[in-house]
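Asks: Quick one, model.txt (compact mmCIF, C-alpha atoms and all ligand atoms):
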```
# COMPACT_ATOMS: atom_id res chain seq x y z
CA MET A 912 -13.43 -45.76 -4.23
CA GLY A 913 -16.36 -48.09 -3.57
CA ALA A 914 -16.23 -47.71 0.18
CA GLU A 915 -15.90 -43.95 -0.04
CA GLN A 916 -18.88 -43.69 -2.34
CA LEU A 917 -20.92 -45.69 0.12
CA ASP A 918 -19.85 -43.26 2.83
CA ARG A 919 -20.97 -40.26 0.86
CA GLN A 920 -24.36 -41.79 0.18
CA THR A 921 -25.11 -42.75 3.74
CA LEU A 922 -23.39 -40.05 5.77
CA GLN A 923 -25.02 -36.70 6.51
CA PRO A 924 -22.31 -34.21 5.52
CA ARG A 925 -21.99 -30.89 7.26
CA LEU A 926 -22.34 -28.03 4.79
CA SER A 927 -20.36 -24.80 5.12
CA VAL A 928 -21.57 -21.81 3.13
CA VAL A 929 -18.83 -19.18 2.81
CA VAL A 930 -19.87 -15.63 1.98
CA PRO A 931 -17.38 -12.77 1.62
CA PHE A 932 -19.14 -9.41 1.57
CA LEU A 933 -18.35 -5.75 1.09
CA ASN A 934 -21.03 -3.15 1.78
CA GLU A 935 -23.98 -5.49 1.37
CA ALA A 936 -26.31 -4.13 4.06
CA ALA A 937 -29.20 -4.24 1.59
CA THR A 938 -28.88 -7.92 0.69
CA LEU A 939 -27.49 -9.62 3.81
CA PRO A 940 -30.87 -10.20 5.52
CA ALA A 941 -32.17 -11.96 2.39
CA LEU A 942 -28.98 -13.98 2.14
CA ILE A 943 -29.05 -15.13 5.75
CA SER A 944 -32.68 -16.15 5.52
CA ALA A 945 -31.94 -18.03 2.29
CA VAL A 946 -29.19 -20.01 4.02
CA ALA A 947 -31.45 -20.70 6.98
CA GLY A 948 -34.06 -21.94 4.50
CA LEU A 949 -31.44 -24.18 2.94
CA GLN A 950 -30.82 -25.83 6.28
CA ARG A 951 -34.51 -26.69 6.59
CA GLN A 952 -34.83 -27.80 2.98
CA LEU A 953 -31.73 -30.00 2.74
CA LYS A 954 -32.10 -31.32 6.30
CA LEU A 955 -28.36 -31.01 6.79
CA PRO A 956 -26.41 -29.22 9.47
CA VAL A 957 -25.36 -25.94 7.85
CA GLU A 958 -22.61 -23.62 8.99
CA LEU A 959 -22.63 -20.08 7.61
CA VAL A 960 -19.21 -18.40 7.41
CA LEU A 961 -19.53 -14.67 6.79
CA VAL A 962 -16.45 -12.58 6.05
CA ASP A 963 -16.78 -8.83 6.30
CA ASP A 964 -14.22 -7.50 3.84
CA GLY A 965 -13.95 -4.02 5.36
CA SER A 966 -17.54 -2.85 4.87
CA ARG A 967 -18.32 0.71 5.84
CA ASP A 968 -22.10 0.63 5.72
CA GLY A 969 -22.81 -1.26 8.93
CA SER A 970 -23.13 -4.60 7.13
CA CYS A 971 -21.29 -6.36 9.92
CA ALA A 972 -23.68 -5.23 12.66
CA ILE A 973 -26.65 -6.13 10.47
CA ALA A 974 -25.20 -9.58 9.80
CA ARG A 975 -24.72 -10.18 13.49
CA ARG A 976 -28.23 -9.05 14.36
CA GLU A 977 -29.72 -11.30 11.68
CA LEU A 978 -27.67 -14.25 12.88
CA GLN A 979 -28.69 -13.72 16.49
CA ALA A 980 -32.32 -13.74 15.40
CA ARG A 981 -31.71 -17.28 14.10
CA PRO A 982 -30.00 -19.13 16.94
CA GLU A 983 -30.61 -22.46 15.16
CA LEU A 984 -28.09 -21.45 12.48
CA GLN A 985 -24.44 -22.21 13.18
CA ALA A 986 -22.38 -19.25 12.11
CA VAL A 987 -18.93 -17.69 12.11
CA LEU A 988 -18.54 -13.99 11.42
CA LEU A 989 -15.04 -12.79 10.58
CA GLU A 990 -14.41 -9.09 10.44
CA LEU A 991 -11.28 -8.29 8.44
CA SER A 992 -9.22 -5.27 9.46
CA ARG A 993 -9.79 -3.56 6.10
CA ASN A 994 -10.81 -4.31 2.52
CA PHE A 995 -8.48 -7.03 1.26
CA GLY A 996 -10.44 -7.87 -1.88
CA LYS A 997 -12.83 -10.67 -2.57
CA GLU A 998 -10.19 -13.30 -3.26
CA ALA A 999 -8.47 -12.79 0.11
CA ALA A 1000 -11.80 -12.58 1.94
CA LEU A 1001 -12.90 -15.82 0.34
CA THR A 1002 -9.64 -17.48 1.38
CA ALA A 1003 -10.25 -16.29 4.95
CA GLY A 1004 -13.71 -17.83 4.85
CA LEU A 1005 -12.53 -21.13 3.40
CA GLU A 1006 -9.87 -21.41 6.07
CA ALA A 1007 -12.40 -20.76 8.82
CA SER A 1008 -14.93 -23.28 7.48
CA ARG A 1009 -15.20 -26.72 9.04
CA GLY A 1010 -17.87 -28.49 6.96
CA ASP A 1011 -17.38 -31.73 5.04
CA VAL A 1012 -18.54 -29.90 1.93
CA VAL A 1013 -17.98 -26.20 1.35
CA VAL A 1014 -19.78 -23.78 -0.98
CA PRO A 1015 -18.63 -20.18 -1.57
CA LEU A 1016 -21.58 -17.92 -2.29
CA ASP A 1017 -21.90 -14.27 -3.36
CA ALA A 1018 -23.76 -12.10 -0.89
CA ASP A 1019 -25.97 -10.60 -3.62
CA LEU A 1020 -27.72 -13.96 -4.19
CA GLN A 1021 -26.56 -14.05 -7.80
CA ASP A 1022 -25.59 -17.64 -7.18
CA PRO A 1023 -28.88 -19.46 -6.52
CA PRO A 1024 -28.64 -21.45 -3.25
CA GLU A 1025 -31.26 -23.85 -4.66
CA LEU A 1026 -28.46 -25.27 -6.79
CA ILE A 1027 -26.67 -26.65 -3.73
CA GLY A 1028 -29.13 -29.58 -3.58
CA PRO A 1029 -28.29 -30.83 -7.09
CA MET A 1030 -24.60 -30.17 -6.40
CA LEU A 1031 -24.75 -32.40 -3.33
CA GLU A 1032 -26.26 -35.10 -5.52
CA GLN A 1033 -23.15 -35.04 -7.73
CA TRP A 1034 -20.90 -35.03 -4.67
CA ARG A 1035 -22.68 -38.16 -3.45
CA GLN A 1036 -21.88 -39.74 -6.83
CA GLY A 1037 -18.19 -39.33 -5.99
CA PHE A 1038 -17.21 -35.94 -7.43
CA ASP A 1039 -15.00 -33.73 -5.27
CA VAL A 1040 -15.79 -30.46 -7.04
CA VAL A 1041 -19.11 -29.56 -8.61
CA TYR A 1042 -18.88 -26.18 -10.29
CA ALA A 1043 -21.71 -24.13 -11.70
CA VAL A 1044 -21.42 -22.88 -15.28
CA ARG A 1045 -23.41 -19.76 -16.14
CA GLN A 1046 -25.60 -20.19 -19.16
CA ARG A 1047 -27.17 -16.77 -19.32
CA ARG A 1048 -26.01 -13.57 -17.69
CA ALA A 1049 -29.10 -11.45 -17.25
CA GLY A 1050 -28.70 -7.84 -16.21
CA GLU A 1051 -25.08 -7.54 -17.29
CA SER A 1052 -24.12 -5.10 -19.98
CA ARG A 1053 -23.08 -6.21 -23.46
CA THR A 1054 -19.58 -4.87 -22.86
CA LYS A 1055 -19.19 -6.83 -19.63
CA ARG A 1056 -20.39 -10.01 -21.30
CA LEU A 1057 -18.08 -9.47 -24.26
CA THR A 1058 -15.02 -8.70 -22.14
CA ALA A 1059 -15.74 -11.71 -19.92
CA PHE A 1060 -16.09 -13.91 -23.00
CA GLY A 1061 -12.83 -12.57 -24.44
CA PHE A 1062 -10.99 -13.03 -21.17
CA TYR A 1063 -11.97 -16.67 -20.71
CA ARG A 1064 -10.98 -17.50 -24.28
CA LEU A 1065 -7.66 -15.64 -23.96
CA ILE A 1066 -6.60 -17.23 -20.70
CA GLY A 1067 -7.78 -20.58 -22.04
CA ARG A 1068 -5.27 -20.30 -24.84
CA MET A 1069 -2.43 -18.90 -22.76
CA SER A 1070 -2.47 -21.17 -19.76
CA ALA A 1071 -1.65 -24.85 -19.44
CA THR A 1072 -4.16 -25.13 -16.58
CA LEU A 1073 -7.59 -25.59 -18.07
CA ILE A 1074 -9.75 -22.88 -16.49
CA PRO A 1075 -13.41 -23.60 -17.25
CA ALA A 1076 -15.16 -20.67 -18.98
CA ASP A 1077 -18.11 -18.85 -17.43
CA THR A 1078 -17.58 -20.25 -13.96
CA GLY A 1079 -17.30 -18.08 -10.91
CA ASP A 1080 -16.39 -19.11 -7.42
CA PHE A 1081 -19.77 -20.76 -6.99
CA ARG A 1082 -19.07 -24.47 -6.55
CA LEU A 1083 -19.35 -27.27 -4.07
CA MET A 1084 -16.07 -28.64 -2.76
CA ASP A 1085 -15.20 -31.62 -0.67
CA ARG A 1086 -13.11 -30.98 2.44
CA CYS A 1087 -10.05 -32.49 0.71
CA VAL A 1088 -10.17 -29.78 -1.96
CA VAL A 1089 -10.41 -26.98 0.60
CA GLN A 1090 -7.43 -28.54 2.37
CA ALA A 1091 -5.49 -28.55 -0.90
CA LEU A 1092 -6.35 -24.90 -1.58
CA SER A 1093 -5.10 -23.85 1.83
CA GLN A 1094 -1.74 -25.44 1.01
CA LEU A 1095 -1.18 -23.08 -1.91
CA PRO A 1096 1.05 -20.37 -0.50
CA GLU A 1097 0.74 -17.65 -3.12
CA ARG A 1098 -0.45 -14.16 -2.27
CA THR A 1099 -1.94 -13.42 -5.68
CA ARG A 1100 -5.02 -15.53 -5.38
CA PHE A 1101 -6.66 -15.92 -8.72
CA MET A 1102 -9.24 -18.31 -7.33
CA LYS A 1103 -10.71 -19.47 -10.63
CA GLY A 1104 -7.24 -20.62 -11.64
CA LEU A 1105 -6.34 -22.17 -8.29
CA PHE A 1106 -9.62 -24.09 -8.20
CA ALA A 1107 -8.73 -25.58 -11.58
CA TRP A 1108 -5.06 -26.15 -10.75
CA VAL A 1109 -5.71 -28.37 -7.70
CA GLY A 1110 -7.46 -30.93 -9.89
CA PHE A 1111 -9.52 -33.68 -8.13
CA ARG A 1112 -12.61 -35.17 -9.66
CA GLN A 1113 -14.55 -32.27 -11.10
CA THR A 1114 -17.89 -31.98 -12.82
CA ALA A 1115 -20.14 -29.13 -13.92
CA ILE A 1116 -23.80 -28.23 -13.74
CA THR A 1117 -25.32 -25.32 -15.63
CA TYR A 1118 -27.59 -22.54 -14.43
CA ASN A 1119 -28.90 -19.13 -15.42
CA ARG A 1120 -27.28 -16.24 -13.60
CA ASP A 1121 -29.76 -13.63 -12.44
CA PRO A 1122 -28.99 -9.94 -11.99
CA ARG A 1123 -27.97 -8.91 -8.47
CA GLN A 1124 -31.03 -8.22 -6.33
CA ARG A 1125 -30.03 -5.07 -4.52
CA GLY A 1126 -27.03 -2.80 -4.10
CA GLN A 1127 -24.21 -2.11 -6.51
CA SER A 1128 -21.60 -4.34 -8.06
CA ASN A 1129 -18.26 -3.57 -6.49
CA TRP A 1130 -16.43 -4.15 -9.72
CA ASN A 1131 -15.44 -1.54 -12.23
CA TYR A 1132 -13.43 -1.89 -15.41
CA TRP A 1133 -10.17 -0.88 -13.76
CA LYS A 1134 -10.59 -3.60 -11.13
CA LEU A 1135 -11.57 -6.10 -13.80
CA TRP A 1136 -8.49 -5.20 -15.84
CA ASN A 1137 -6.22 -5.78 -12.86
CA PHE A 1138 -8.04 -8.99 -12.09
CA ALA A 1139 -7.43 -10.18 -15.64
CA LEU A 1140 -3.73 -9.28 -15.36
CA ASP A 1141 -3.51 -11.23 -12.10
CA GLY A 1142 -5.07 -14.20 -13.78
CA ILE A 1143 -2.82 -14.13 -16.79
CA THR A 1144 0.42 -13.46 -14.97
CA SER A 1145 -0.17 -16.14 -12.35
CA PHE A 1146 -1.09 -18.82 -14.85
CA SER A 1147 0.86 -18.05 -17.99
CA ARG A 1148 4.33 -17.07 -19.16
CA VAL A 1149 3.10 -16.49 -22.70
CA PRO A 1150 3.46 -12.65 -22.50
CA LEU A 1151 7.16 -13.06 -21.68
CA GLN A 1152 7.60 -15.54 -24.50
CA LEU A 1153 5.82 -13.22 -26.93
CA LEU A 1154 8.30 -10.51 -25.95
CA SER A 1155 11.40 -12.54 -26.68
CA GLY A 1156 9.75 -13.89 -29.83
CA GLY A 1157 9.00 -10.34 -30.97
CA GLY A 1158 12.59 -9.30 -30.21
CA VAL A 1159 13.99 -12.11 -32.33
CA ALA A 1160 11.62 -11.29 -35.21
CA ILE A 1161 12.57 -7.60 -35.20
CA ALA A 1162 16.28 -8.38 -35.00
CA LEU A 1163 15.98 -10.67 -38.03
CA MET A 1164 14.03 -8.09 -40.00
CA SER A 1165 16.57 -5.37 -39.21
CA MET A 1166 19.40 -7.65 -40.36
CA VAL A 1167 17.68 -8.17 -43.71
CA TYR A 1168 17.02 -4.44 -43.98
CA GLY A 1169 20.66 -3.65 -43.10
CA ALA A 1170 21.95 -6.04 -45.75
CA TRP A 1171 19.65 -4.43 -48.29
CA MET A 1172 21.00 -0.96 -47.41
CA VAL A 1173 24.62 -2.07 -47.79
CA LEU A 1174 23.79 -3.60 -51.16
CA ARG A 1175 21.92 -0.50 -52.27
CA THR A 1176 24.82 1.78 -51.30
CA LEU A 1177 27.25 -0.41 -53.23
CA LEU A 1178 25.03 -0.45 -56.29
CA PHE A 1179 23.65 3.07 -56.39
CA GLY A 1180 25.98 5.07 -54.13
CA ILE A 1181 24.99 7.02 -51.02
CA ASP A 1182 21.74 8.93 -50.80
CA LEU A 1183 20.56 10.76 -47.72
CA PRO A 1184 16.74 10.71 -47.63
CA GLY A 1185 15.42 8.28 -45.07
CA TYR A 1186 14.17 10.53 -42.28
CA ALA A 1187 10.73 8.93 -42.31
CA SER A 1188 11.99 5.36 -42.08
CA LEU A 1189 14.48 6.36 -39.38
CA MET A 1190 11.81 8.02 -37.27
CA THR A 1191 9.45 5.10 -37.71
CA ALA A 1192 12.09 2.60 -36.66
CA VAL A 1193 13.13 4.66 -33.62
CA LEU A 1194 9.58 5.23 -32.42
CA PHE A 1195 8.46 1.67 -33.11
CA LEU A 1196 11.40 0.14 -31.27
CA GLY A 1197 11.08 2.64 -28.42
CA GLY A 1198 7.44 1.74 -28.02
CA LEU A 1199 8.18 -1.95 -28.14
CA GLN A 1200 10.85 -1.61 -25.47
CA LEU A 1201 8.47 0.26 -23.18
CA ILE A 1202 5.83 -2.43 -23.61
CA GLY A 1203 8.50 -5.00 -22.85
CA LEU A 1204 9.50 -3.21 -19.67
CA GLY A 1205 5.84 -2.96 -18.70
CA VAL A 1206 5.27 -6.69 -19.12
CA LEU A 1207 8.44 -7.49 -17.19
CA GLY A 1208 7.26 -5.06 -14.53
CA GLU A 1209 3.92 -6.84 -14.19
CA TYR A 1210 5.71 -10.09 -13.40
CA LEU A 1211 8.38 -8.49 -11.25
CA GLY A 1212 5.75 -6.60 -9.24
CA ARG A 1213 4.03 -9.86 -8.49
CA VAL A 1214 7.28 -11.50 -7.48
CA PHE A 1215 7.77 -8.55 -5.12
CA GLU A 1216 4.32 -9.13 -3.58
CA GLU A 1217 5.18 -12.80 -3.07
CA VAL A 1218 8.58 -12.34 -1.45
CA LYS A 1219 7.22 -9.89 1.12
CA ARG A 1220 5.33 -12.86 2.58
CA ARG A 1221 2.72 -10.70 4.22
CA PRO A 1222 -0.39 -12.47 5.47
CA LEU A 1223 -3.25 -12.55 2.97
CA TYR A 1224 -5.68 -10.93 5.37
CA LEU A 1225 -5.92 -9.78 8.98
CA VAL A 1226 -8.85 -10.51 11.23
CA ARG A 1227 -10.07 -7.71 13.45
CA ARG A 1228 -12.71 -9.69 15.28
CA ARG A 1229 -14.17 -13.16 15.18
CA TRP A 1230 -17.64 -13.95 16.37
CA GLU A 1231 -19.21 -17.34 16.58
CA GLN A 1232 -22.65 -18.79 17.17
CA SER A 1233 -23.22 -22.48 17.60
N1 LIG B 1 -16.78 -8.55 -2.44
C1 LIG B 1 -15.86 -8.59 -1.39
N2 LIG B 1 -14.77 -7.74 -1.42
C2 LIG B 1 -14.54 -6.88 -2.46
C3 LIG B 1 -15.47 -6.88 -3.54
C4 LIG B 1 -16.56 -7.73 -3.49
O1 LIG B 1 -16.00 -9.37 -0.46
O2 LIG B 1 -13.55 -6.14 -2.42
C5 LIG B 1 -17.94 -9.48 -2.41
C6 LIG B 1 -19.30 -8.84 -2.66
O3 LIG B 1 -19.85 -8.31 -1.48
C7 LIG B 1 -20.10 -10.00 -3.18
C8 LIG B 1 -19.08 -10.79 -3.97
O4 LIG B 1 -17.80 -10.39 -3.47
O5 LIG B 1 -20.58 -10.83 -2.14
C9 LIG B 1 -19.19 -10.55 -5.46
O6 LIG B 1 -19.11 -9.17 -5.73
P1 LIG B 1 -19.99 -8.43 -6.84
O7 LIG B 1 -21.41 -8.87 -6.77
O8 LIG B 1 -19.72 -6.98 -6.69
O9 LIG B 1 -19.29 -9.00 -8.15
P2 LIG B 1 -20.00 -9.53 -9.49
O10 LIG B 1 -21.16 -10.38 -9.10
O11 LIG B 1 -20.39 -8.30 -10.23
O12 LIG B 1 -18.91 -10.32 -10.15
MG MG B 2 -22.59 -10.00 -7.97
```
Take the structure in this file and express it as structure tokens.
Replies:
Amino acid sequence: MGAEQLDRQTLQPRLSVVVPFLNEAATLPALISAVAGLQRQLKLPVELVLVDDGSRDGSCAIARRELQARPELQAVLLELSRNFGKEAALTAGLEASRGDVVVPLDADLQDPPELIGPMLEQWRQGFDVVYAVRQRRAGESRTKRLTAFGFYRLIGRMSATLIPADTGDFRLMDRCVVQALSQLPERTRFMKGLFAWVGFRQTAITYNRDPRQRGQSNWNYWKLWNFALDGITSFSRVPLQLLSGGGVAIALMSMVYGAWMVLRTLLFGIDLPGYASLMTAVLFLGGLQLIGLGVLGEYLGRVFEEVKRRPLYLVRRRWEQS
């Protein structure tokens, strides 16, 4: 450890900044100039890896023009063949990066690049992952904050992997961590979970998250819901266990109820009323079975995605400036 720490304090690491983007024409110029500023400020060689996740607003051409206007900035621009989603685009960017330390960044500058300096400090102290924890989420609706809060608590209780709350993809990673991530073969890439699963020496720093500067968030509640399902199903089997637990509980209750009915018939003879309880039982069990099938389906669908073994993303064009 001692020798490695010495290395990190004396060596000038190369920094890769990985930015997946979808329709960010309005913010890309600001982003690229921020990264160029970072290079001057940190006095490190910086490589900018941009991944165009199927934008349809000319973002890619704008990115290229901005990069060409700054020939001093090393850059890779990957154009994916369509929109594969942020998680896949980020994976593409991580795999294309070559720096000794790698930082994924949102194109909307919601993750302040100024934080990379303090993160590097922690890396020099020997940490392999320095993740940023959001303290305040300005400009996000109450509902979004509440659902995010609920989600982190829920997945925290359901999963054995400890996924830190209120952390996005914004973090600084040593090359060894990026290497580890690229060894994970799964198609459903719930990055927050994977980042936590790989382990290594991790530490956190806190910051205030600002509202996005321009453009629209690409997330809506339907996407967030699916994202949450991805997270839960790839890191927890608790829903399946709840199902079998619920089945056992209902079976036990119905046995007690059945015994009571036999006893009652023996004691008081047969009476017919019971339509309401019959209907309730039928509907309740029917509903429960459908929920059960749905939960099974969620897992099965994901198994289906995995066994197809399709690539995570396809690159249409790759452009490089060095
Ligand atoms: N993004 C992407 N592909 C998508 C959706 C989003 O590459 O399908 C990018 C987007 O351009 C941005 C980052 O992912 O750089 C975060 O997206 P956004 O700001 O919409 O998410 P939020 O900050 O609201 O979580
Ligand atoms: Mg954003």
Asks: Of the candidates A:Ser1165, A:Ser1008, A:Thr1002, A:Gln1094, which shows the shortest atom-to-atom distance to A:Leu988, using all atoms listed in the file?
Replies: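 Comparing A:Ser1165, A:Ser1008, A:Thr1002, A:Gln1094 against A:Leu988, the winner is A:Ser1008.
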Asks: Pull the neighbourhood of (6.7, -9.4, -11.7) for me: all residues within 12 Å in file coordinates, counting all atoms listed in the file, as a list in words.
Replies: Thr1099, Leu1140, Asp1141, Ile1143, Thr1144, Ser1145, Arg1148, Pro1150, Leu1151, Leu1204, Gly1205, Val1206, Leu1207, Gly1208, Glu1209, Tyr1210, Leu1211, Gly1212, Arg1213, Val1214, Phe1215, Glu1216, Glu1217 and Val1218 of chain A
Asks: List all protein, DNA and RNA residues that have at least one atom no more than 7 Å from any atom of ligand LIG 1 (chain B), counting only C-alpha atoms and all ligand atoms, and write them as a PyMOL selection string.
Replies: chain A and resi 930-935+963-964+994-997+1000+1017-1019+1021+1123+1127-1130
Asks: Contacts of A:Ala1115 at 10 Å or less, counting only C-alpha atoms, minus same-chain residues fewer than 6 places along, as a list in words?
Replies: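 Near A:Ala1115, the qualifying residues are Met1030, Gln1033, Phe1038, Val1040, Val1041, Tyr1042, Ala1043, Val1044, Pro1075, Thr1078 and Arg1082 of chain A.
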Asks: Would you mind exporting C-alpha atoms of the selected residues as a compact mmCIF listing (two decimals), in the frame of the given file?
Replies:
```
# COMPACT_ATOMS: atom_id res chain seq x y z
CA MET A 1030 -24.60 -30.17 -6.40
CA GLN A 1033 -23.15 -35.04 -7.73
CA PHE A 1038 -17.21 -35.94 -7.43
CA VAL A 1040 -15.79 -30.46 -7.04
CA VAL A 1041 -19.11 -29.56 -8.61
CA TYR A 1042 -18.88 -26.18 -10.29
CA ALA A 1043 -21.71 -24.13 -11.70
CA VAL A 1044 -21.42 -22.88 -15.28
CA PRO A 1075 -13.41 -23.60 -17.25
CA THR A 1078 -17.58 -20.25 -13.96
CA ARG A 1082 -19.07 -24.47 -6.55
```
Asks: Report, as AutoDock Vina command-line options, the axis-aligned box around all atoms of stretch 1152-1169 of chain A present in the file, extended by 6 Å on each side; give centre and edge lengths in Å to one decimal place.
Replies:
```
--center_x 13.2 --center_y -9.6 --center_z -34.2 --size_x 26.8 --size_y 23.9 --size_z 31.5
```
Asks: Smallest atom-to-atom distance to ligand MG 2 (chain B): which of A:Leu1016, A:Leu1163, A:Leu1026, A:Ala941, using all atoms listed in the file?
Replies: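 So, comparing all the options, the nearest one is A:Leu1016.
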